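The data block below is run.txt; it holds compact mmCIF, C-alpha atoms.
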```txt
# COMPACT_ATOMS: atom_id res chain seq x y z
CA MET T 1 -8.10 -32.00 1.95
CA ALA T 2 -8.30 -28.87 4.07
CA GLY T 3 -4.88 -29.51 5.54
CA HIS T 4 -3.42 -30.18 2.11
CA SER T 5 -5.00 -27.00 0.77
CA GLN T 6 -3.66 -25.00 3.69
CA PHE T 7 -0.18 -26.41 3.14
CA LYS T 8 -0.33 -25.45 -0.54
CA ASN T 9 -1.46 -21.94 0.40
CA ILE T 10 1.43 -21.60 2.85
CA MET T 11 3.90 -22.84 0.23
CA HIS T 12 2.43 -20.46 -2.34
CA ARG T 13 2.79 -17.49 0.02
CA LYS T 14 6.35 -18.52 0.92
CA GLY T 15 7.17 -18.85 -2.78
CA ALA T 16 5.73 -15.42 -3.46
CA GLN T 17 7.70 -13.94 -0.56
CA ASP T 18 10.92 -15.58 -1.77
CA ALA T 19 10.33 -14.28 -5.30
CA ARG T 20 9.63 -10.78 -3.97
CA ARG T 21 12.81 -10.90 -1.86
CA ALA T 22 14.83 -12.02 -4.89
CA ARG T 23 13.43 -9.14 -6.94
CA HIS T 24 14.32 -6.67 -4.18
CA PHE T 25 17.86 -8.05 -4.07
CA ALA T 26 18.19 -7.80 -7.86
CA LYS T 27 16.99 -4.19 -7.89
CA VAL T 28 19.36 -3.11 -5.11
CA ILE T 29 22.29 -4.94 -6.73
CA ARG T 30 21.52 -3.06 -9.94
CA GLU T 31 21.61 0.23 -8.02
CA ILE T 32 24.92 -0.78 -6.39
CA THR T 33 26.30 -1.56 -9.86
CA VAL T 34 25.31 1.84 -11.26
CA ALA T 35 26.55 3.65 -8.15
CA ALA T 36 29.92 1.88 -8.19
CA ARG T 37 30.42 2.72 -11.86
CA SER T 38 29.38 6.35 -11.42
CA GLY T 39 32.32 7.03 -9.12
CA LEU T 40 34.92 5.22 -7.08
CA PRO T 41 33.98 1.72 -5.83
CA ASP T 42 34.72 3.02 -2.32
CA PRO T 43 31.62 4.02 -0.32
CA GLY T 44 33.73 6.50 1.65
CA SER T 45 34.28 8.52 -1.53
CA ASN T 46 31.05 7.71 -3.35
CA PRO T 47 27.85 9.13 -1.74
CA ARG T 48 25.53 7.30 -4.12
CA LEU T 49 27.20 3.98 -3.36
CA ARG T 50 26.80 4.63 0.38
CA GLY T 51 23.10 5.21 -0.25
CA ALA T 52 22.82 1.97 -2.19
CA MET T 53 24.49 0.11 0.66
CA VAL T 54 21.99 1.62 3.13
CA ALA T 55 19.19 0.30 0.91
CA ALA T 56 20.89 -3.11 0.88
CA ARG T 57 21.07 -3.20 4.68
CA GLU T 58 17.41 -2.18 4.83
CA ILE T 59 16.42 -5.45 3.08
CA ASN T 60 18.96 -7.51 5.08
CA MET T 61 21.25 -8.22 2.15
CA PRO T 62 24.34 -10.16 3.34
CA LYS T 63 27.57 -8.15 3.42
CA ASP T 64 29.39 -10.60 1.16
CA THR T 65 26.64 -10.18 -1.47
CA ILE T 66 27.12 -6.40 -1.34
CA ASP T 67 30.91 -6.75 -1.60
CA ARG T 68 30.65 -9.10 -4.58
CA ALA T 69 28.31 -6.70 -6.36
CA ILE T 70 30.75 -3.81 -5.88
CA LYS T 71 33.74 -5.84 -7.08
CA LYS T 72 31.82 -7.11 -10.08
CA ALA T 73 30.71 -3.59 -11.00
CA ALA T 74 34.24 -2.23 -10.69
CA GLY T 75 35.56 -4.85 -13.11
CA ALA T 76 32.61 -5.00 -15.52
CA ALA T 77 32.81 -3.87 -19.12
CA ALA T 78 31.31 -0.51 -20.06
CA ALA T 79 29.01 -2.28 -22.52
CA ASP T 80 27.10 -3.71 -19.56
CA ASP T 81 26.21 -0.28 -18.19
CA TYR T 82 22.67 0.54 -17.14
CA VAL T 83 20.99 3.86 -17.82
CA GLU T 84 18.46 5.65 -15.64
CA VAL T 85 15.08 6.33 -17.20
CA ARG T 86 11.83 7.75 -15.85
CA TYR T 87 8.33 7.07 -17.13
CA GLU T 88 5.22 9.03 -16.28
CA GLY T 89 1.57 8.37 -16.89
CA TYR T 90 -1.92 7.98 -15.50
CA GLY T 91 -3.48 4.89 -14.00
CA PRO T 92 -7.11 4.01 -13.26
CA ALA T 93 -9.21 6.90 -11.87
CA GLY T 94 -6.68 9.38 -13.22
CA ILE T 95 -4.03 8.52 -10.63
CA ALA T 96 -0.62 9.97 -11.56
CA LEU T 97 2.32 7.56 -11.54
CA ILE T 98 6.08 8.01 -11.79
CA VAL T 99 8.15 4.94 -12.64
CA GLU T 100 11.93 4.98 -12.20
CA ALA T 101 14.01 2.29 -13.89
CA LEU T 102 17.57 1.17 -14.50
CA THR T 103 17.89 -0.63 -17.81
CA ASP T 104 20.40 -1.94 -20.33
CA ASN T 105 17.73 -1.90 -23.04
CA ARG T 106 15.54 1.20 -23.26
CA ASN T 107 13.27 -0.25 -25.95
CA ARG T 108 12.49 -3.37 -23.92
CA THR T 109 11.76 -1.45 -20.74
CA ALA T 110 9.61 1.17 -22.46
CA SER T 111 7.61 -1.55 -24.18
CA ASP T 112 7.09 -3.48 -20.94
CA VAL T 113 6.05 -0.39 -18.97
CA ARG T 114 3.66 0.74 -21.72
CA ALA T 115 2.11 -2.73 -21.85
CA ALA T 116 1.56 -2.75 -18.08
CA PHE T 117 -0.19 0.63 -18.21
CA SER T 118 -2.39 -0.44 -21.12
CA LYS T 119 -3.33 -3.79 -19.61
CA HIS T 120 -4.45 -2.27 -16.31
CA GLY T 121 -6.49 0.71 -17.46
CA GLY T 122 -3.74 3.32 -17.58
CA SER T 123 -1.91 5.32 -20.21
CA LEU T 124 1.78 6.10 -20.47
CA GLY T 125 2.51 9.79 -21.04
CA GLU T 126 5.48 11.95 -21.97
CA THR T 127 8.25 12.91 -19.56
CA HIS T 128 7.08 15.71 -17.24
CA SER T 129 3.43 14.88 -17.95
CA VAL T 130 2.75 14.17 -14.24
CA SER T 131 5.95 15.00 -12.34
CA PHE T 132 4.71 18.57 -11.83
CA LEU T 133 2.17 17.05 -9.42
CA PHE T 134 5.01 15.79 -7.20
CA THR T 135 7.94 17.25 -5.29
CA HIS T 136 11.32 15.54 -5.73
CA LEU T 137 13.24 15.56 -2.45
CA GLY T 138 15.69 13.71 -0.25
CA VAL T 139 14.36 11.75 2.72
CA VAL T 140 16.46 10.49 5.64
CA ARG T 141 14.85 8.39 8.37
CA TYR T 142 16.03 7.39 11.84
CA PRO T 143 14.40 5.29 14.60
CA ALA T 144 12.76 7.32 17.38
CA GLU T 145 15.25 6.12 20.01
CA VAL T 146 18.26 7.61 18.18
CA ALA T 147 17.63 11.16 19.43
CA ALA T 148 15.13 13.48 21.06
CA GLU T 149 12.92 15.53 18.76
CA GLU T 150 14.75 18.77 19.56
CA ALA T 151 18.18 17.22 18.93
CA MET T 152 17.11 15.83 15.56
CA LEU T 153 15.54 19.13 14.52
CA GLU T 154 18.65 21.09 15.50
CA ALA T 155 20.94 18.71 13.63
CA ALA T 156 18.68 18.78 10.56
CA ILE T 157 18.69 22.59 10.48
CA GLU T 158 22.48 22.71 10.83
CA ALA T 159 22.80 20.15 8.02
CA GLY T 160 20.71 22.29 5.64
CA ALA T 161 17.49 20.27 5.66
CA GLU T 162 14.11 21.85 4.92
CA ASN T 163 12.05 19.97 7.48
CA ALA T 164 12.21 17.39 10.27
CA GLU T 165 9.22 15.55 11.67
CA SER T 166 9.41 13.29 14.72
CA GLY T 167 6.94 10.86 16.24
CA PRO T 168 6.60 7.42 17.83
CA ASP T 169 7.54 5.77 14.52
CA GLY T 170 10.78 7.71 14.20
CA HIS T 171 12.33 10.82 12.68
CA GLU T 172 11.98 11.90 9.04
CA VAL T 173 14.21 14.63 7.65
CA THR T 174 13.53 16.08 4.19
CA CYS T 175 15.79 18.25 2.06
CA PRO T 176 16.26 19.48 -1.53
CA VAL T 177 17.65 16.90 -3.96
CA GLU T 178 20.83 18.90 -4.54
CA SER T 179 21.74 18.85 -0.82
CA PHE T 180 20.66 15.26 -0.13
CA PHE T 181 24.12 13.71 0.21
CA ALA T 182 25.43 16.58 2.36
CA VAL T 183 22.42 16.40 4.70
CA ARG T 184 22.58 12.63 4.96
CA ASP T 185 26.32 12.63 5.71
CA ALA T 186 25.96 15.40 8.32
CA LEU T 187 23.20 13.49 10.10
CA GLU T 188 25.19 10.26 9.99
CA ALA T 189 28.10 12.09 11.62
CA HIS T 190 25.75 12.93 14.51
CA PHE T 191 23.61 9.81 14.80
CA GLY T 192 25.31 7.01 12.87
CA PRO T 193 23.96 5.20 9.76
CA ALA T 194 20.40 6.14 8.81
CA GLU T 195 17.57 3.63 8.87
CA SER T 196 16.94 4.65 5.24
CA ALA T 197 18.13 7.47 3.00
CA ARG T 198 16.80 7.98 -0.51
CA LEU T 199 15.41 10.35 -3.10
CA ASP T 200 11.64 10.34 -3.16
CA TRP T 201 8.70 11.78 -5.11
CA ARG T 202 5.99 13.19 -2.83
CA PRO T 203 2.59 14.12 -4.32
CA GLY T 204 1.34 17.66 -3.74
CA THR T 205 -2.25 16.43 -3.48
CA VAL T 206 -3.67 12.93 -3.24
CA VAL T 207 -6.81 11.26 -4.57
CA THR T 208 -8.88 9.08 -2.23
CA LEU T 209 -9.89 5.83 -3.92
CA ASP T 210 -12.69 3.37 -3.31
CA GLU T 211 -12.07 -0.37 -3.11
CA GLU T 212 -12.78 -1.15 -6.79
CA CYS T 213 -10.53 1.56 -8.21
CA CYS T 214 -7.78 0.78 -5.74
CA SER T 215 -7.79 -2.91 -6.57
CA THR T 216 -7.27 -2.14 -10.25
CA LEU T 217 -4.55 0.42 -9.51
CA LEU T 218 -2.68 -1.96 -7.22
CA LYS T 219 -2.63 -4.56 -9.99
CA LEU T 220 -0.92 -1.99 -12.22
CA ILE T 221 1.59 -1.09 -9.52
CA ASP T 222 2.30 -4.78 -8.85
CA ALA T 223 2.86 -5.40 -12.56
CA LEU T 224 5.31 -2.52 -12.73
CA GLU T 225 7.20 -3.50 -9.58
CA GLU T 226 7.55 -7.08 -10.82
CA ASN T 227 9.55 -5.80 -13.78
CA ASP T 228 13.25 -6.33 -13.08
CA ASP T 229 14.15 -2.99 -14.68
CA VAL T 230 11.79 -0.96 -12.48
CA GLN T 231 13.36 0.40 -9.31
CA SER T 232 10.55 2.49 -7.80
CA VAL T 233 6.91 3.40 -8.42
CA TYR T 234 5.23 6.51 -6.97
CA ALA T 235 1.53 7.43 -7.12
CA ASN T 236 -0.70 10.20 -5.74
CA PHE T 237 -3.45 8.23 -4.00
CA GLU T 238 -4.54 7.28 -0.52
CA LEU T 239 -6.99 4.75 0.93
CA PRO T 240 -9.69 5.12 3.56
CA ASP T 241 -8.88 2.95 6.58
CA ASP T 242 -11.74 0.53 5.90
CA VAL T 243 -10.61 -0.06 2.31
CA ALA T 244 -7.01 -0.58 3.41
CA GLU T 245 -8.13 -3.17 5.97
CA LYS T 246 -10.19 -5.08 3.37
CA LEU T 247 -7.34 -5.17 0.87
CA SER T 248 -4.80 -6.30 3.45
CA ALA T 249 -7.03 -9.07 4.81
```
Entire entry expressed as structure tokens:
Amino acid sequence: MAGHSQFKNIMHRKGAQDARRARHFAKVIREITVAARSGLPDPGSNPRLRGAMVAAREINMPKDTIDRAIKKAAGAAAADDYVEVRYEGYGPAGIALIVEALTDNRNRTASDVRAAFSKHGGSLGETHSVSFLFTHLGVVRYPAEVAAEEAMLEAAIEAGAENAESGPDGHEVTCPVESFFAVRDALEAHFGPAESARLDWRPGTVVTLDEECCSTLLKLIDALEENDDVQSVYANFELPDDVAEKLSA
């Protein structure tokens, strides 16, 4: 029985991983679709599409899947277009959350997001109700072996970035949203394709949570991320090391 139970647990985890991978693929394909329709279906002339393709490579999406998504987007009817929407609210323990989505049905997505907040001890607010607690910026990351710290810092300054931090885990360059594509392209000219390049919301201050509050909050975040329309979820919390170890066990 123990062996059978273990096998079922392994299959359950594999099924969950496969489902998560499928959701990631669907979200990136949706971003590729929007990016391809927002400009030319040529990544050389479409900065947003290049960013979407970087995100696709980051999750190991096959090249032919990316190409099919671009071709499909270029030939799709306008009626199938997605729109970008942002939701803001508070979760358990007053944690601020920003939810970014791409949807073809605003009413459905708003209803689903509101239901997730309500079910898990949160409340959906108005636009700008929590975004003032965050900074919206561009983030470009490279592996540590790509360049020395001084070389990355010099290139980041020349590109117009605001900051560059380097360490054993790699280089992270941050810049204003309006100069994101220019900074990313300048760095890629120096160091090749980035490990990741995206717009991010960084909290100004964070709230440290205990295990009980964090468990409830993570259920809310999971519920939001499982929604096909939701692209990204940001929150202003952190965990003590001992709580993080318990939750990851």
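Minimum distance to T:Tyr82 across T:Val230, T:Val177, T:Ala161, T:Leu209 (counting all atoms listed in the file) occurs at T:Val230.
Between atom CA of T:Glu149 and atom CA of T:Leu187 the interatomic distance comes to 13.6 Å.
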Selected residue of minimal separation from T:Glu212 among T:Ala93, T:Ser38, T:Val28, T:Asn107, counting only C-alpha atoms: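 Once distances to T:Glu212 are computed over only C-alpha atoms, the minimum belongs to T:Ala93.
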Residue with smallest distance to T:Asp42 - pool T:Arg21, T:Arg57, T:Lys71, T:Phe191, counting only C-alpha atoms: T:Lys71
Interatomic distance (Å, one decimal) between atom CA of T:Val243 and atom CA of T:Cys214: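 According to the coordinates, atom CA of T:Val243 and atom CA of T:Cys214 are separated by 8.6 Å.
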Residue contacts of T:Leu40 (12 Å, only C-alpha atoms) excluding same-chain residues fewer than 3 positions away, as JSON, numbers by chain: {"T": [32, 33, 34, 35, 36, 37, 43, 44, 45, 46, 47, 48, 49, 50, 70, 71, 73, 74, 75]}
Residue nearest T:Ile29 among T:Val140, T:Ile66, T:Val233, T:Ile59 (counting all atoms listed in the file):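 Counting all atoms listed in the file, the residue closest to T:Ile29 is T:Ile66.
Around the coordinate (10.3, 16.5, 12.9), residues that reach within 10 Å when counting only C-alpha atoms are T:Ala148, T:Glu149, T:Glu150, T:Ala151, T:Met152, T:Leu153, T:Glu154, T:Ala156, T:Asn163, T:Ala164, T:Glu165, T:Ser166, T:Gly167, T:Gly170, T:His171, T:Glu172, T:Val173, T:Thr174.
In terms of minimum interatomic distance to T:Tyr142, T:Ala194 ranks closest within T:Ala69, T:Ala194, T:Leu124, T:Ala116, counting all atoms listed in the file.
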Atom-to-atom span, atom CA of T:Arg86 and atom CA of T:Gly122, Å: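 Rounded to one decimal, the two atoms are 16.3 Å apart.
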Among listed residues T:Gly125, T:Gly138, T:Pro41, T:Gly94, nearest T:Ser196 (using only C-alpha atoms):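 Of T:Gly125, T:Gly138, T:Pro41, T:Gly94, the one nearest T:Ser196, counting only C-alpha atoms, is T:Gly138.
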Spatial neighbours of T:Arg108, 12 Å, all atoms listed in the file, chain gap at least 4 places, as number ranges by chain: T: 101-104, 112-115, 227-230
Just so I have it separately, write stretch 146-181 of chain T from the block I sent, keeping C-alpha atoms, as a compact mmCIF listing (two decimals), in the first residue's frame.
```txt
# COMPACT_ATOMS: atom_id res chain seq x y z
CA VAL T 146 28.24 37.00 -18.98
CA ALA T 147 30.34 39.94 -17.75
CA ALA T 148 32.32 41.33 -14.84
CA GLU T 149 30.48 43.59 -12.42
CA GLU T 150 32.26 46.71 -13.67
CA ALA T 151 31.52 45.92 -17.32
CA MET T 152 27.82 45.37 -16.62
CA LEU T 153 27.58 48.56 -14.58
CA GLU T 154 29.29 50.61 -17.29
CA ALA T 155 27.04 49.19 -20.01
CA ALA T 156 23.93 49.77 -17.88
CA ILE T 157 24.86 53.42 -17.28
CA GLU T 158 25.53 53.98 -20.98
CA ALA T 159 22.18 52.37 -21.81
CA GLY T 160 20.30 54.76 -19.50
CA ALA T 161 19.52 52.37 -16.65
CA GLU T 162 18.96 53.58 -13.09
CA ASN T 163 20.76 50.79 -11.26
CA ALA T 164 22.76 47.59 -11.73
CA GLU T 165 23.38 45.02 -9.03
CA SER T 166 25.72 42.07 -9.47
CA GLY T 167 26.34 38.98 -7.37
CA PRO T 168 26.93 35.22 -7.53
CA ASP T 169 23.38 34.70 -8.85
CA GLY T 170 23.85 37.11 -11.74
CA HIS T 171 23.34 40.71 -12.83
CA GLU T 172 20.10 42.68 -12.44
CA VAL T 173 19.67 45.98 -14.25
CA THR T 174 16.68 48.21 -13.47
CA CYS T 175 15.39 51.19 -15.43
CA PRO T 176 12.30 53.41 -15.83
CA VAL T 177 9.39 51.84 -17.70
CA GLU T 178 9.63 54.36 -20.54
CA SER T 179 13.26 53.42 -21.31
CA PHE T 180 12.88 49.66 -20.80
CA PHE T 181 13.07 48.59 -24.44
```
